[in-house]
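A.B. asks: My questions all concern the structure below.
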Amino acid sequence: MDGQKLPLKLKLGYGVCDLGGNLFFTAIGLWLLNFLTDTVGIAAGLAGIIIAIGKIWDAVTDPMTGYLSDRTVTRWGRRRPWMLFGSLPLFVTMVVMFTNPGLTSQTLLFIWGTLAFCLLCTAYTAVNIPYNSLTPELTQDYHERTSLNGFRFGFAVIGTLLAAGAALPIINAFPTKDTGFTAMGTIFGGFMLVTALITFFSVREPDAERVHPTTGLIKTYLKVFKNKPFVLIALVYTLHVTALTVVMGVAIYYFKYIHQDETKTTAAMLILLVTAMIFIPVSVALSKKVGKKIVYGAGLLIFLIALMILFFFGHLHGINFSLGVMLFAGVGMGFTYVMPWAIVPDAVEYDYLLSGERTEGAFYGIWTFGIKIGQAVALAISGCVLSLFGYIPDVIQSSSSLLGIRLLLGPIPAFIYILGIVVLYFYPLTEKRYNEVLQQIREMEASKGRG
């Protein structure tokens, strides 16, 4: 499918899986820390450590899944079998994660939380890394990759909207938070199962038999880190995810304790995400004129400005002001949804020129590992900052605790975004340079054919 338009059916079939993927991402980022502290009753510091351990566990499972999926040989291809057989465990572990075990010992709760989260992360890895690895295989075209990811992240925003907008109503529809969270985990897990299966049945892997990498595990991952464009964009996105996860995780605390209205968290997330959805096609169109890198950097800058406005003025001007700032932040989020995922396949393609092997799974294993490390660092930072500033669940917060919450929705993630913008500046693959890479690849393949 290189160099030609992808069918609409394929774009829709591919994109829908990320509806479930972003249900997971948003539910973990927005609700997991709060569920562990305020419903299960785990101390905030321990809750942050649980999440960090689960993400560190991905240091093993993400690269290994990528490596194995590159070498999987079936009549269904390399990636799709993983999605098929990983989807049911993903559903089951999502339900388990959001079911209160009813334990009272902090030690036992810590053990339960760690095991449950590690299992959930493993199941998500089995589905998500092979799914991500399909992107560079479906097309080599510079702009079609942006279009494909535009469809994907249209569905991603829908998933995020469902997680942000439906979670609290689902939880509150039940007599207790315990049963409410279990219902939420069941419903969201069901969406994750169904959307993965839709992609499995609607997308075919082109030319799946063309490449069977022979490089060993260590050498495979060493060459990943020798790919400068990939390392740079992966670092940018890890910083991006770290900052965004801090924001998503602390949002409920901000509206519950700064504005004394927990229910407005849903309104804030809907405003943010609907605005982002509107600006996704704008970002795709704009990237064709000014480039993916500039659009991505502009989005990061807009979002960090919005955070600093919230920090300095949100607590002074009331809830409607904060909701208005979420509208502005949504513009930045819309610009940053598609671009990193449209950029990374170009960097992966560059590796094929360098090594002569297609090991997309290895690259997306590291890419997804970076995402999860970003989430882990963010949630650990959030838990530690809340503890350091004296946060106590479900009571009127001290001025110190309120400051800690504001720092987590302002300067802390804003500084991380600044680091990301600085690294992004050095990313080298423009459209012109990428087309030169494609031409060199064609010449390399022609030379092999003659040989």
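If you're wondering about the labels, chains in the structure tokens are A, B, ... by order shown, residues count from 1 in each chain, ligands from 1 in order shown.
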Near range 170-179 of chain A, within 12 Å and counting only C-alpha atoms, which residues show up once chain neighbours fewer than 2 positions away are dropped, as number ranges by chain?
C.D. replies: A: 31, 34-36, 38-41, 95-102, 162-168, 181-188, 262-263, 266
A.B. asks: Run DSSP on the backbone and tell me which residues of range 130-263 of chain A come out as alpha helix (DSSP H); list them as a PyMOL selection string.
C.D. replies: chain A and resi 130-133+135-138+142-172+177-202+217-224+228-253
A.B. asks: From the set A:Asp18, A:Asp58, A:Asp70, A:Glu431, which residue has the shortest atom-to-atom contact distance to Leu217 in chain A, counting only C-alpha atoms?
C.D. replies: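 Going through A:Asp18, A:Asp58, A:Asp70, A:Glu431 one by one, the smallest distance to Leu217 in chain A is for A:Asp70.
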A.B. asks: Which residue out of A:Phe201, A:Gly21, A:Gly356, A:Ser399 has the minimum interatomic distance to Glu443 in chain A when only C-alpha atoms are used?
C.D. replies: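 Counting only C-alpha atoms, the residue closest to Glu443 in chain A is A:Gly356.
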A.B. asks: Tell me, as a ChimeraX atom specification, which residues lie within 12 Å of Glu137 in chain A, counting only C-alpha atoms; anything in the same chain fewer than 2 positions away does not count.
C.D. replies: /A:1-2,6,14,70,77-79,130-135,139-141,144-145,148,203-211,345-346,348-349,352,358-361
A.B. asks: What separation in Å, quoted to one decimal, exists between CA of Ile28 in chain A and CA of Leu119 in chain A?
C.D. replies: 13.7 Å
